[in-house]
>>> print(open('query-v2.cif').read())   # mmCIF, C-alpha atoms (C1' of nucleotides)
data_upload
loop_
_atom_site.label_atom_id
_atom_site.label_comp_id
_atom_site.auth_asym_id
_atom_site.auth_seq_id
_atom_site.Cartn_x
_atom_site.Cartn_y
_atom_site.Cartn_z
CA MET A 169 0.00 0.00 0.00
CA ASN A 170 0.90 3.59 -0.63
CA SER A 171 2.84 5.34 2.12
CA ASP A 172 0.59 8.39 1.80
CA PHE A 173 -1.72 6.59 4.19
CA THR A 174 1.07 6.20 6.72
CA LEU A 175 2.12 9.80 6.34
CA ALA A 176 -1.40 11.05 6.81
CA ILE A 177 -1.84 9.05 10.00
CA HIS A 178 1.54 10.14 11.24
CA SER A 179 0.82 13.79 10.56
CA LEU A 180 -2.62 13.68 12.15
CA THR A 181 -1.23 12.03 15.23
CA TYR A 182 1.42 14.71 15.42
CA LEU A 183 -1.19 17.43 15.07
CA ALA A 184 -3.33 15.77 17.71
CA LEU A 185 -0.48 15.91 20.19
CA GLN A 186 0.05 19.58 19.31
CA HIS A 187 -3.64 20.38 19.25
CA ASP A 188 -3.25 23.79 20.87
CA ARG A 189 -0.94 25.33 18.28
CA MET A 190 -0.03 25.38 14.62
CA SER A 191 2.57 22.87 13.37
CA LYS A 192 4.88 23.60 10.46
CA SER A 193 5.39 21.13 7.64
CA ASP A 194 9.09 21.16 8.45
CA ALA A 195 8.52 19.84 11.96
CA ILE A 196 6.13 17.12 10.82
CA ALA A 197 8.51 16.15 8.04
CA GLU A 198 11.33 15.76 10.50
CA SER A 199 9.22 13.54 12.72
CA ALA A 200 8.08 11.39 9.81
CA GLY A 201 11.47 11.25 8.12
CA VAL A 202 10.35 12.56 4.74
CA HIS A 203 10.61 15.77 2.77
CA ALA A 204 8.40 18.66 3.83
CA VAL A 205 6.90 18.98 0.36
CA ARG A 206 5.38 15.54 0.67
CA ILE A 207 3.80 16.45 3.97
CA ARG A 208 2.25 19.53 2.37
CA LYS A 209 0.86 17.46 -0.47
CA VAL A 210 -0.75 14.91 1.78
CA LEU A 211 -2.03 17.47 4.25
CA SER A 212 -3.37 19.60 1.45
CA LEU A 213 -5.62 16.68 0.58
CA LEU A 214 -6.78 16.30 4.16
CA LYS A 215 -7.47 20.00 4.26
CA LYS A 216 -9.71 19.83 1.19
CA HIS A 217 -11.84 17.35 3.09
CA GLY A 218 -12.10 19.49 6.20
CA ILE A 219 -10.09 17.28 8.50
CA ILE A 220 -7.47 19.92 9.19
CA LYS A 221 -7.00 23.64 8.65
CA SER A 222 -3.91 25.42 7.39
CA LYS A 223 -2.58 28.92 7.45
CA GLU A 224 0.10 30.50 5.33
CA GLY A 225 2.65 33.10 6.35
CA THR A 226 4.52 33.79 9.56
CA GLY A 227 3.23 31.77 12.48
CA GLY A 228 1.23 29.61 10.10
CA GLY A 229 1.08 25.84 9.76
CA PHE A 230 -1.45 23.05 10.15
CA ILE A 231 -3.94 22.35 12.90
CA PHE A 232 -6.71 19.85 13.52
CA ALA A 233 -10.23 20.92 12.52
CA LYS A 234 -12.23 18.10 14.12
CA GLU A 235 -12.42 15.96 17.20
CA PHE A 236 -9.76 13.26 17.06
CA SER A 237 -12.37 10.65 17.76
CA GLU A 238 -14.35 11.72 14.70
CA VAL A 239 -11.66 10.77 12.21
CA SER A 240 -11.28 7.05 11.52
CA LEU A 241 -8.54 5.22 9.69
CA TRP A 242 -11.09 4.31 7.08
CA ASP A 243 -11.71 8.00 6.40
CA ILE A 244 -8.00 8.42 5.77
CA TYR A 245 -7.81 5.26 3.70
CA THR A 246 -10.55 6.37 1.34
CA LEU A 247 -8.82 9.71 0.86
CA THR A 248 -5.32 8.44 0.30
CA SER A 249 -5.48 4.85 -0.89
CA GLU A 250 -8.89 3.89 -2.20
CA GLY A 251 -8.56 1.10 -4.75
CA ALA A 252 -5.12 0.11 -3.51
CA LEU A 253 -6.37 -3.35 -2.69
CA GLN A 254 -7.45 -3.97 -6.25
CA PRO A 255 -4.88 -6.25 -7.90
CA LYS A 256 -3.49 -5.07 -11.20
CA CYS A 257 -4.40 -7.29 -14.10
CA PRO A 258 -2.54 -7.18 -17.36
CA GLU A 259 -4.97 -6.96 -20.25
CA SER A 260 -5.77 -10.55 -20.93
CA ASN A 261 -6.88 -12.28 -24.09
CA GLU A 262 -10.50 -11.50 -24.93
CA ALA A 263 -10.63 -14.47 -27.26
CA CYS A 264 -10.26 -16.81 -24.30
CA VAL A 265 -13.10 -17.54 -21.88
CA VAL A 266 -10.82 -17.10 -18.91
CA GLY A 267 -9.16 -13.96 -20.21
CA ALA A 268 -12.40 -12.34 -21.19
CA ASN A 269 -14.05 -12.56 -17.78
CA MET A 270 -11.30 -12.77 -15.22
CA HIS A 271 -10.96 -9.06 -14.75
CA LYS A 272 -14.61 -8.50 -13.99
CA VAL A 273 -14.77 -11.40 -11.55
CA LEU A 274 -11.70 -10.34 -9.59
CA PHE A 275 -12.78 -6.72 -9.60
CA THR A 276 -16.07 -7.63 -7.97
CA ILE A 277 -14.44 -9.83 -5.37
CA PHE A 278 -11.97 -7.14 -4.39
CA LEU A 279 -14.64 -4.52 -4.20
CA GLY A 280 -16.13 -6.71 -1.51
CA ALA A 281 -12.74 -7.13 0.11
CA GLU A 282 -12.22 -3.40 0.36
CA GLU A 283 -15.66 -2.98 1.87
CA HIS A 284 -14.74 -5.67 4.38
CA LEU A 285 -11.49 -3.90 5.17
CA GLY A 286 -13.48 -0.74 5.72
CA GLU A 287 -15.48 -2.30 8.51
CA TYR A 288 -12.23 -3.13 10.25
CA LEU A 289 -10.55 0.23 9.75
CA LYS A 290 -13.60 2.11 10.97
CA GLN A 291 -12.90 0.70 14.43
CA TYR A 292 -9.83 2.88 14.80
CA THR A 293 -9.80 6.65 15.17
CA ILE A 294 -6.95 9.10 15.47
CA LYS A 295 -7.75 9.28 19.16
CA ASP A 296 -7.10 5.55 19.44
CA ILE A 297 -3.78 5.96 17.67
CA VAL A 298 -2.80 8.79 19.97
CA ASP A 299 -3.62 6.65 22.99
CA LEU A 300 -1.60 3.74 21.64
CA ILE A 301 1.35 5.98 20.85
CA SER A 302 1.24 7.55 24.28
CA LYS A 303 1.27 4.17 25.93
CA GLY A 304 4.30 3.29 23.86
CA ASN A 305 2.59 0.38 22.14
CA MET B 49 -1.44 -5.42 -4.92
CA ASN B 50 0.98 -7.61 -6.78
CA SER B 51 -0.16 -8.98 -10.13
CA ASP B 52 1.34 -12.35 -9.24
CA PHE B 53 -1.87 -12.97 -7.34
CA THR B 54 -3.93 -12.25 -10.43
CA LEU B 55 -1.73 -14.41 -12.59
CA ALA B 56 -1.95 -17.30 -10.16
CA ILE B 57 -5.75 -17.16 -10.06
CA HIS B 58 -5.89 -16.81 -13.81
CA SER B 59 -3.63 -19.79 -14.35
CA LEU B 60 -5.46 -21.98 -11.87
CA THR B 61 -8.78 -21.15 -13.44
CA TYR B 62 -7.35 -22.02 -16.81
CA LEU B 63 -6.03 -25.32 -15.47
CA ALA B 64 -9.37 -26.05 -13.85
CA LEU B 65 -11.12 -25.70 -17.17
CA GLN B 66 -8.52 -28.01 -18.73
CA HIS B 67 -8.51 -30.41 -15.81
CA ASP B 68 -8.23 -33.52 -17.99
CA ARG B 69 -4.97 -32.64 -19.73
CA MET B 70 -1.67 -30.83 -19.34
CA SER B 71 -1.51 -27.15 -20.24
CA LYS B 72 1.62 -25.49 -21.58
CA SER B 73 2.95 -22.24 -20.16
CA ASP B 74 2.66 -20.78 -23.67
CA ALA B 75 -1.08 -21.33 -23.80
CA ILE B 76 -1.67 -19.92 -20.32
CA ALA B 77 0.55 -16.96 -21.11
CA GLU B 78 -1.47 -16.19 -24.21
CA SER B 79 -4.68 -16.30 -22.24
CA ALA B 80 -3.31 -14.07 -19.49
CA GLY B 81 -1.52 -11.69 -21.82
CA VAL B 82 1.92 -12.00 -20.26
CA HIS B 83 5.21 -13.68 -21.08
CA ALA B 84 5.40 -17.45 -20.65
CA VAL B 85 8.38 -17.15 -18.34
CA ARG B 86 6.34 -15.23 -15.80
CA ILE B 87 3.70 -17.94 -15.83
CA ARG B 88 6.37 -20.53 -15.18
CA LYS B 89 7.75 -18.52 -12.29
CA VAL B 90 4.39 -18.12 -10.61
CA LEU B 91 3.32 -21.68 -11.25
CA SER B 92 6.63 -22.97 -9.98
CA LEU B 93 5.70 -21.43 -6.66
CA LEU B 94 2.28 -23.06 -6.65
CA LYS B 95 3.91 -26.36 -7.49
CA LYS B 96 6.22 -26.15 -4.50
CA HIS B 97 3.15 -25.94 -2.32
CA GLY B 98 1.46 -28.90 -3.93
CA ILE B 99 -1.39 -27.06 -5.58
CA ILE B 100 -0.43 -28.15 -9.07
CA LYS B 101 1.89 -30.64 -10.69
CA SER B 102 4.18 -30.10 -13.64
CA LYS B 103 5.96 -32.24 -16.14
CA GLU B 104 8.86 -31.38 -18.37
CA GLY B 105 9.50 -32.53 -21.89
CA THR B 106 7.26 -33.38 -24.81
CA GLY B 107 3.60 -33.53 -23.89
CA GLY B 108 4.41 -31.92 -20.56
CA GLY B 109 2.91 -28.87 -18.90
CA PHE B 110 0.93 -28.04 -15.79
CA ILE B 111 -2.08 -29.71 -14.25
CA PHE B 112 -4.13 -29.33 -11.09
CA ALA B 113 -3.14 -31.52 -8.15
CA LYS B 114 -6.12 -30.88 -5.86
CA GLU B 115 -9.84 -30.45 -5.90
CA PHE B 116 -10.73 -26.97 -7.13
CA SER B 117 -12.90 -26.45 -4.10
CA GLU B 118 -9.95 -27.11 -1.80
CA VAL B 119 -7.95 -24.12 -2.96
CA SER B 120 -9.12 -20.74 -1.64
CA LEU B 121 -8.11 -17.27 -2.72
CA TRP B 122 -6.58 -16.83 0.69
CA ASP B 123 -4.25 -19.76 0.03
CA ILE B 124 -3.08 -18.04 -3.12
CA TYR B 125 -2.82 -14.69 -1.39
CA THR B 126 -0.54 -16.03 1.31
CA LEU B 127 1.71 -17.60 -1.31
CA THR B 128 1.97 -14.65 -3.65
CA SER B 129 1.22 -11.49 -1.72
CA GLU B 130 1.48 -11.93 2.01
CA GLY B 131 2.31 -8.63 3.65
CA ALA B 132 1.15 -6.63 0.66
CA LEU B 133 -1.40 -4.85 2.80
CA GLN B 134 1.23 -3.56 5.16
CA PRO B 135 1.86 0.07 4.30
CA LYS B 136 5.50 1.01 3.83
CA CYS B 137 6.73 3.47 6.42
CA PRO B 138 9.81 5.52 5.86
CA GLU B 139 12.09 5.27 8.87
CA SER B 140 10.80 8.01 11.09
CA ASN B 141 12.55 10.03 13.73
CA GLU B 142 13.25 7.99 16.85
CA ALA B 143 13.80 11.17 18.83
CA CYS B 144 10.13 12.05 18.41
CA VAL B 145 7.36 10.33 20.38
CA VAL B 146 5.26 9.96 17.28
CA GLY B 147 8.11 8.79 15.07
CA ALA B 148 9.40 6.32 17.63
CA ASN B 149 6.14 4.40 18.02
CA MET B 150 4.14 4.91 14.86
CA HIS B 151 5.60 1.97 13.03
CA LYS B 152 4.79 -0.53 15.72
CA VAL B 153 1.24 0.73 16.12
CA LEU B 154 0.43 0.66 12.42
CA PHE B 155 2.10 -2.69 11.99
CA THR B 156 -0.15 -4.21 14.62
CA ILE B 157 -3.27 -2.69 13.16
CA PHE B 158 -2.48 -3.95 9.68
CA LEU B 159 -1.68 -7.39 10.94
CA GLY B 160 -5.26 -7.43 12.13
CA ALA B 161 -6.44 -6.05 8.83
CA GLU B 162 -4.75 -8.79 6.86
CA GLU B 163 -6.24 -11.39 9.15
CA HIS B 164 -9.62 -9.81 8.55
CA LEU B 165 -9.03 -9.88 4.82
CA GLY B 166 -8.14 -13.53 5.14
CA GLU B 167 -11.57 -14.39 6.54
CA TYR B 168 -13.10 -12.79 3.49
CA LEU B 169 -10.84 -14.40 0.91
CA LYS B 170 -11.31 -17.85 2.42
CA GLN B 171 -14.90 -17.69 1.26
CA TYR B 172 -13.84 -18.02 -2.36
CA THR B 173 -12.30 -21.08 -3.95
CA ILE B 174 -11.06 -21.74 -7.45
CA LYS B 175 -14.26 -23.65 -8.03
CA ASP B 176 -16.24 -20.50 -7.26
CA ILE B 177 -14.13 -18.52 -9.70
CA VAL B 178 -14.64 -21.14 -12.40
CA ASP B 179 -18.39 -20.98 -11.84
CA LEU B 180 -18.41 -17.19 -12.04
CA ILE B 181 -16.29 -17.22 -15.19
CA SER B 182 -18.52 -19.81 -16.82
CA LYS B 183 -21.59 -17.75 -16.10
CA GLY B 184 -19.85 -14.78 -17.70
CA ASN B 185 -19.97 -12.70 -14.56
"C1'" DC C 83 19.48 -38.20 -31.20
"C1'" DG C 84 16.17 -34.42 -31.79
"C1'" DA C 85 12.03 -32.14 -30.59
"C1'" DT C 86 9.45 -30.23 -26.81
"C1'" DC C 87 8.72 -28.78 -22.45
"C1'" DT C 88 9.76 -26.81 -17.60
"C1'" DG C 89 13.23 -24.47 -14.44
"C1'" DT C 90 16.10 -20.55 -13.69
"C1'" DA C 91 19.53 -17.27 -14.04
"C1'" DC C 92 20.28 -13.07 -16.07
"C1'" DC C 93 19.77 -8.58 -18.33
"C1'" DA C 94 16.82 -4.83 -20.44
"C1'" DT C 95 12.99 -1.96 -20.11
"C1'" DT C 96 9.35 0.26 -18.19
"C1'" DT C 97 6.89 2.19 -14.44
"C1'" DA C 98 6.03 4.01 -9.87
"C1'" DC C 99 7.67 6.46 -6.10
"C1'" DG C 100 9.82 9.84 -3.67
"C1'" DA C 101 13.46 13.63 -3.12
"C1'" DT C 102 14.53 17.94 -4.52
"C1'" DT C 103 14.31 22.32 -6.52
"C1'" DA C 104 11.98 26.29 -7.90
"C1'" DC C 105 8.63 29.63 -7.81
"C1'" DC C 106 4.05 31.60 -6.58
"C1'" DG C 107 0.60 33.56 -3.28
"C1'" DT C 108 -0.58 34.68 1.26
"C1'" DG C 109 -0.15 36.61 5.76
"C1'" DC C 110 2.37 38.84 9.54
"C1'" DA C 111 5.73 42.31 11.48
"C1'" DC C 112 7.97 46.33 11.04
"C1'" DG D 232 5.03 49.80 1.61
"C1'" DT D 233 9.34 46.02 2.29
"C1'" DG D 234 10.95 41.70 3.95
"C1'" DC D 235 10.42 37.34 5.93
"C1'" DA D 236 7.93 33.01 6.88
"C1'" DC D 237 4.78 30.12 5.68
"C1'" DG D 238 1.75 26.74 2.60
"C1'" DG D 239 0.51 25.33 -2.55
"C1'" DT D 240 2.02 23.28 -6.60
"C1'" DA D 241 4.38 22.06 -10.78
"C1'" DA D 242 8.57 20.27 -12.89
"C1'" DT D 243 12.55 17.61 -12.77
"C1'" DC D 244 15.56 13.95 -11.51
"C1'" DG D 245 17.23 9.62 -9.33
"C1'" DT D 246 16.29 5.10 -7.98
"C1'" DA D 247 14.01 0.88 -6.80
"C1'" DA D 248 10.55 -2.36 -8.03
"C1'" DA D 249 7.84 -4.66 -11.47
"C1'" DT D 250 7.79 -6.65 -15.69
"C1'" DG D 251 9.40 -8.16 -20.31
"C1'" DG D 252 12.52 -10.89 -22.65
"C1'" DT D 253 16.73 -13.98 -23.77
"C1'" DA D 254 19.49 -17.83 -22.99
"C1'" DC D 255 20.46 -22.10 -21.67
"C1'" DA D 256 20.46 -26.25 -18.67
"C1'" DG D 257 17.74 -30.32 -17.43
"C1'" DA D 258 13.93 -33.61 -18.15
"C1'" DT D 259 11.00 -36.41 -21.04
"C1'" DC D 260 9.36 -38.76 -24.91
"C1'" DG D 261 9.36 -40.86 -29.45
#
>>> encode(input="query-v2.cif", output="C-alpha cells")
Amino acid sequence: MNSDFTLAIHSLTYLALQHDRMSKSDAIAESAGVHAVRIRKVLSLLKKHGIIKSKEGTGGGFIFAKEFSEVSLWDIYTLTSEGALQPKCPESNEACVVGANMHKVLFTIFLGAEEHLGEYLKQYTIKDIVDLISKGN
Amino acid sequence: MNSDFTLAIHSLTYLALQHDRMSKSDAIAESAGVHAVRIRKVLSLLKKHGIIKSKEGTGGGFIFAKEFSEVSLWDIYTLTSEGALQPKCPESNEACVVGANMHKVLFTIFLGAEEHLGEYLKQYTIKDIVDLISKGN
DNA sequence: CGATCTGTACCATTTACGATTACCGTGCAC
DNA sequence: GTGCACGGTAATCGTAAATGGTACAGATCG
C-alpha cells in the first residue's frame, strides 16, 4: 500500500499531540522522516476534506479541525489509498473464456474485500492511535 | 497489490477448465496476456506448495493436483502477496514520540487487517471462480 | 538423437515512487 | 510599503521495483 496513508496518520497524530498550536510542515517532516513537500501534499488533501486547517505566512502551519475521535482510519484510507487493494491485471486475451471474464470477476471480489477492510478500519480513530502511541505500544 | 496474485488465479482457473490434460505455459501466457516465463515462475511457486503438478518434456505442462474447491483465494494470497497490505513506512525520527512508536502501532493494526481480509478471501475457492467465469460474470 | 517442455539465471525496459528544486501567493511584522 | 515566513504546486531527476525478454540447462518422450 501507498505510504501516503502512513504519512497522513503520522501527521494527524502529530497534530493531535500539538492540538493547541499550529505545526509547520518542516517539523512534521522531520518527525516522519520525509521531505516537507510531501507532507504539504498529503495534508493539502486532508485540508480539502475538512479534517485539518492550514494557514500560510509567519506563524502559520497546520492544525486539527475536528475531534480526534471523529476521524477514523477508514476515512483516511478512502482519501489516500482507495482502490489500492485492487490487484493489477494485465490486459488478458479476450478471445479466451478465462481472459475475457477474469478481470470482472476479480474486480467484484476485491470490491467486496475493500468494503470488508473498511469495517475493520472504521474501528480505529486518530484518538485511538494517539492513545496507543502515548502508551508506547 | 501484486499482479502475481492475479496471474496465479488466472492460471489456476485455466487449469481447472482443462482439468483432464496438461496445459503449456505458452497457452496460459497467451490467455493471461503476459510472457510465458512469468507464468512458469508463478506456477513454480504453486507447485512447491502442492497445488499443481508439472511435467517437463514433450507432452508436458501443468495440471491441477487438488480439488478446485480445496484451494481458496486466501491460500493463493498467502503464497503470492502476504504482507502486501502492510503500508510502507519511511524510517521516522526515533527522537520524536510519534516517530518512535508509529511503526509498531500501524504494523499491529495492519496485521489485524490482513487477518480480517483472510476471513473474506477464504470464502472463495477456485471452483467458485470457475463458476463465475462460466456464467460470464 | 532431436524435438518439446519446464526451471532458472540473467539482463533490459518500463513504471512508480519519492526527493529535490523552484517559484508563486498569502499573511504577519515592522 | 518592504521583507520574511509560511503553505501550494508544478517540474525535474534519481532510484528501486515490477515486468518483459533472452538464454540455456535439465527432463522427457518418441
>>> axis_aligned_box(input="query-v2.cif", around="range 165-170 of chain B", padding_each_side="4 Å", output="JSON")
{"center_x": -10.6, "center_y": -13.9, "center_z": 3.7, "size_x": 13.0, "size_y": 16.0, "size_z": 13.6}
>>> resolve_selection(input="query-v2.cif", expression="the PyMOL selection byres ((chain B and resi 149-152) around 9)", output="ChimeraX atom specification")
/A:174,177-178,181,297,300-302,304-305 /B:137,139-140,142,144-148,153-157
>>> residues_around(input="query-v2.cif", residues="Glu282 in chain A", least_positions_apart="6", cutoff="9 Å", atoms="only C-alpha atoms (C1' of nucleotides)", output="short mmCIF file (atom, residue, chain, number, x, y, z; two decimals) with C-alpha atoms, in the frame of the given file")
data_model
loop_
_atom_site.label_atom_id
_atom_site.label_comp_id
_atom_site.auth_asym_id
_atom_site.auth_seq_id
_atom_site.Cartn_x
_atom_site.Cartn_y
_atom_site.Cartn_z
CA GLU A 250 -8.89 3.89 -2.20
CA GLY A 251 -8.56 1.10 -4.75
CA ALA A 252 -5.12 0.11 -3.51
CA LEU A 253 -6.37 -3.35 -2.69
CA GLN A 254 -7.45 -3.97 -6.25
CA LEU B 165 -9.03 -9.88 4.82
#
>>> closest_atom_pairs(input="query-v2.cif", of="chain D", to="chain B", cutoff="12 Å", atoms="all atoms listed in the file", output="tab-separated table")
residue	atom	partner	partner_atom	distance
D:DA248	C1'	B:Asn50	CA	11.0
D:DA249	C1'	B:Asn50	CA	8.8
D:DT250	C1'	B:Arg86	CA	8.7
D:DG251	C1'	B:His83	CA	7.0
D:DG252	C1'	B:His83	CA	8.0
D:DT253	C1'	B:Val85	CA	10.5
D:DG257	C1'	B:Glu104	CA	9.0
D:DA258	C1'	B:Glu104	CA	5.5
D:DT259	C1'	B:Gly105	CA	4.2
D:DC260	C1'	B:Thr106	CA	5.8
D:DG261	C1'	B:Thr106	CA	9.0
>>> resolve_selection(input="query-v2.cif", expression="the PyMOL selection byres ((chain B and resi 67) around 12)", output="PDB file with C-alpha atoms, in the coordinates of the input")
ATOM      1  CA  SER B  59      -3.630 -19.790 -14.350  1.00  0.00           C
ATOM      2  CA  LEU B  60      -5.460 -21.980 -11.870  1.00  0.00           C
ATOM      3  CA  THR B  61      -8.780 -21.150 -13.440  1.00  0.00           C
ATOM      4  CA  TYR B  62      -7.350 -22.020 -16.810  1.00  0.00           C
ATOM      5  CA  LEU B  63      -6.030 -25.320 -15.470  1.00  0.00           C
ATOM      6  CA  ALA B  64      -9.370 -26.050 -13.850  1.00  0.00           C
ATOM      7  CA  LEU B  65     -11.120 -25.700 -17.170  1.00  0.00           C
ATOM      8  CA  GLN B  66      -8.520 -28.010 -18.730  1.00  0.00           C
ATOM      9  CA  ASP B  68      -8.230 -33.520 -17.990  1.00  0.00           C
ATOM     10  CA  ARG B  69      -4.970 -32.640 -19.730  1.00  0.00           C
ATOM     11  CA  MET B  70      -1.670 -30.830 -19.340  1.00  0.00           C
ATOM     12  CA  SER B  71      -1.510 -27.150 -20.240  1.00  0.00           C
ATOM     13  CA  ILE B 100      -0.430 -28.150  -9.070  1.00  0.00           C
ATOM     14  CA  LYS B 101       1.890 -30.640 -10.690  1.00  0.00           C
ATOM     15  CA  GLY B 109       2.910 -28.870 -18.900  1.00  0.00           C
ATOM     16  CA  PHE B 110       0.930 -28.040 -15.790  1.00  0.00           C
ATOM     17  CA  ILE B 111      -2.080 -29.710 -14.250  1.00  0.00           C
ATOM     18  CA  PHE B 112      -4.130 -29.330 -11.090  1.00  0.00           C
ATOM     19  CA  ALA B 113      -3.140 -31.520  -8.150  1.00  0.00           C
ATOM     20  CA  LYS B 114      -6.120 -30.880  -5.860  1.00  0.00           C
ATOM     21  CA  GLU B 115      -9.840 -30.450  -5.900  1.00  0.00           C
ATOM     22  CA  PHE B 116     -10.730 -26.970  -7.130  1.00  0.00           C
ATOM     23  CA  LYS B 175     -14.260 -23.650  -8.030  1.00  0.00           C
ATOM     24  CA  VAL B 178     -14.640 -21.140 -12.400  1.00  0.00           C
TER      25      VAL B 178
END
>>> atom_distance(input="query-v2.cif", atom1="CA of Leu94 in chain B", atom2="CA of Leu127 in chain B")
7.7 Å
>>> residues_around(input="query-v2.cif", residues="DC105 in chain C", least_positions_apart="2", cutoff="12 Å", atoms="all atoms listed in the file", output="list in words")
DT103 and DG107 of chain C; DG239, DT240, DA241 and DA242 of chain D
>>> closest_residue(input="query-v2.cif", among="D:DG238, D:DA247, D:DC255, D:DT233", to="DA98 in chain C", atoms="all atoms listed in the file")
D:DA247
>>> interface_residues(input="query-v2.cif", of="chain C", to="chain B", cutoff="10 Å", atoms="only C-alpha atoms (C1' of nucleotides)", output="PyMOL selection string")
chain C and resi 85-90
>>> atom_distance(input="query-v2.cif", atom1="CA of Ala176 in chain A", atom2="CA of Val210 in chain A")
6.4 Å
>>> closest_residue(input="query-v2.cif", among="A:Leu279, A:Leu213, A:Gly201, A:Tyr292", to="chain B", atoms="all atoms listed in the file")
A:Gly201
>>> atom_distance(input="query-v2.cif", atom1="CA of Val119 in chain B", atom2="CA of Glu78 in chain B")
23.6 Å
>>> resolve_selection(input="query-v2.cif", expression="the PyMOL selection byres ((chain B and resi 120) around 6)", output="PyMOL selection string")
chain B and resi 119+121-123+170+172-173
>>> closest_residue(input="query-v2.cif", among="A:Leu175, A:Pro255, A:Ile219, A:Ala197", to="chain B", atoms="all atoms listed in the file")
A:Pro255
>>> residues_around(input="query-v2.cif", residues="DT246 in chain D", least_positions_apart="3", cutoff="12 Å", atoms="all atoms listed in the file", output="list in words")
DT97, DA98, DC99, DG100 and DA101 of chain C
>>> residues_near_point(input="query-v2.cif", point="(8.1, 34.0, 0.7)", cutoff="9 Å", atoms="only C-alpha atoms (C1' of nucleotides)", output="PyMOL selection string")
(chain A and resi 225) or (chain C and resi 106-108) or (chain D and resi 234-237)
>>> build_atoms(input="query-v2.cif", residues="range 132-145 of chain B", atoms="N, CA and C atoms", output="mmCIF file, in the frame of the given file")
data_model
loop_
_atom_site.group_PDB
_atom_site.id
_atom_site.type_symbol
_atom_site.label_atom_id
_atom_site.label_comp_id
_atom_site.auth_asym_id
_atom_site.auth_seq_id
_atom_site.Cartn_x
_atom_site.Cartn_y
_atom_site.Cartn_z
ATOM 1 N N ALA B 132 1.366 -7.701 1.640
ATOM 2 C CA ALA B 132 1.150 -6.630 0.660
ATOM 3 C C ALA B 132 0.293 -5.510 1.231
ATOM 4 N N LEU B 133 -0.515 -5.851 2.219
ATOM 5 C CA LEU B 133 -1.400 -4.850 2.800
ATOM 6 C C LEU B 133 -0.612 -3.859 3.640
ATOM 7 N N GLN B 134 0.399 -4.372 4.272
ATOM 8 C CA GLN B 134 1.230 -3.560 5.160
ATOM 9 C C GLN B 134 1.764 -2.316 4.449
ATOM 10 N N PRO B 135 1.386 -1.149 4.942
ATOM 11 C CA PRO B 135 1.860 0.070 4.300
ATOM 12 C C PRO B 135 3.340 0.275 4.595
ATOM 13 N N LYS B 136 4.072 0.757 3.627
ATOM 14 C CA LYS B 136 5.500 1.010 3.830
ATOM 15 C C LYS B 136 5.663 2.300 4.622
ATOM 16 N N CYS B 137 6.414 2.239 5.695
ATOM 17 C CA CYS B 137 6.730 3.470 6.420
ATOM 18 C C CYS B 137 8.175 3.825 6.158
ATOM 19 N N PRO B 138 8.413 5.088 5.864
ATOM 20 C CA PRO B 138 9.810 5.520 5.860
ATOM 21 C C PRO B 138 10.287 5.466 7.306
ATOM 22 N N GLU B 139 11.569 5.315 7.508
ATOM 23 C CA GLU B 139 12.090 5.270 8.870
ATOM 24 C C GLU B 139 11.929 6.640 9.513
ATOM 25 N N SER B 140 11.084 6.703 10.519
ATOM 26 C CA SER B 140 10.800 8.010 11.090
ATOM 27 C C SER B 140 11.753 8.308 12.244
ATOM 28 N N ASN B 141 11.625 9.505 12.736
ATOM 29 C CA ASN B 141 12.550 10.030 13.730
ATOM 30 C C ASN B 141 12.361 9.410 15.115
ATOM 31 N N GLU B 142 13.334 8.681 15.558
ATOM 32 C CA GLU B 142 13.250 7.990 16.850
ATOM 33 C C GLU B 142 13.248 8.970 18.027
ATOM 34 N N ALA B 143 13.724 10.172 17.758
ATOM 35 C CA ALA B 143 13.800 11.170 18.830
ATOM 36 C C ALA B 143 12.447 11.801 19.109
ATOM 37 N N CYS B 144 11.470 11.475 18.265
ATOM 38 C CA CYS B 144 10.130 12.050 18.410
ATOM 39 C C CYS B 144 9.172 10.977 18.889
ATOM 40 N N VAL B 145 8.291 11.326 19.833
ATOM 41 C CA VAL B 145 7.360 10.330 20.380
ATOM 42 C C VAL B 145 6.553 9.670 19.275
#
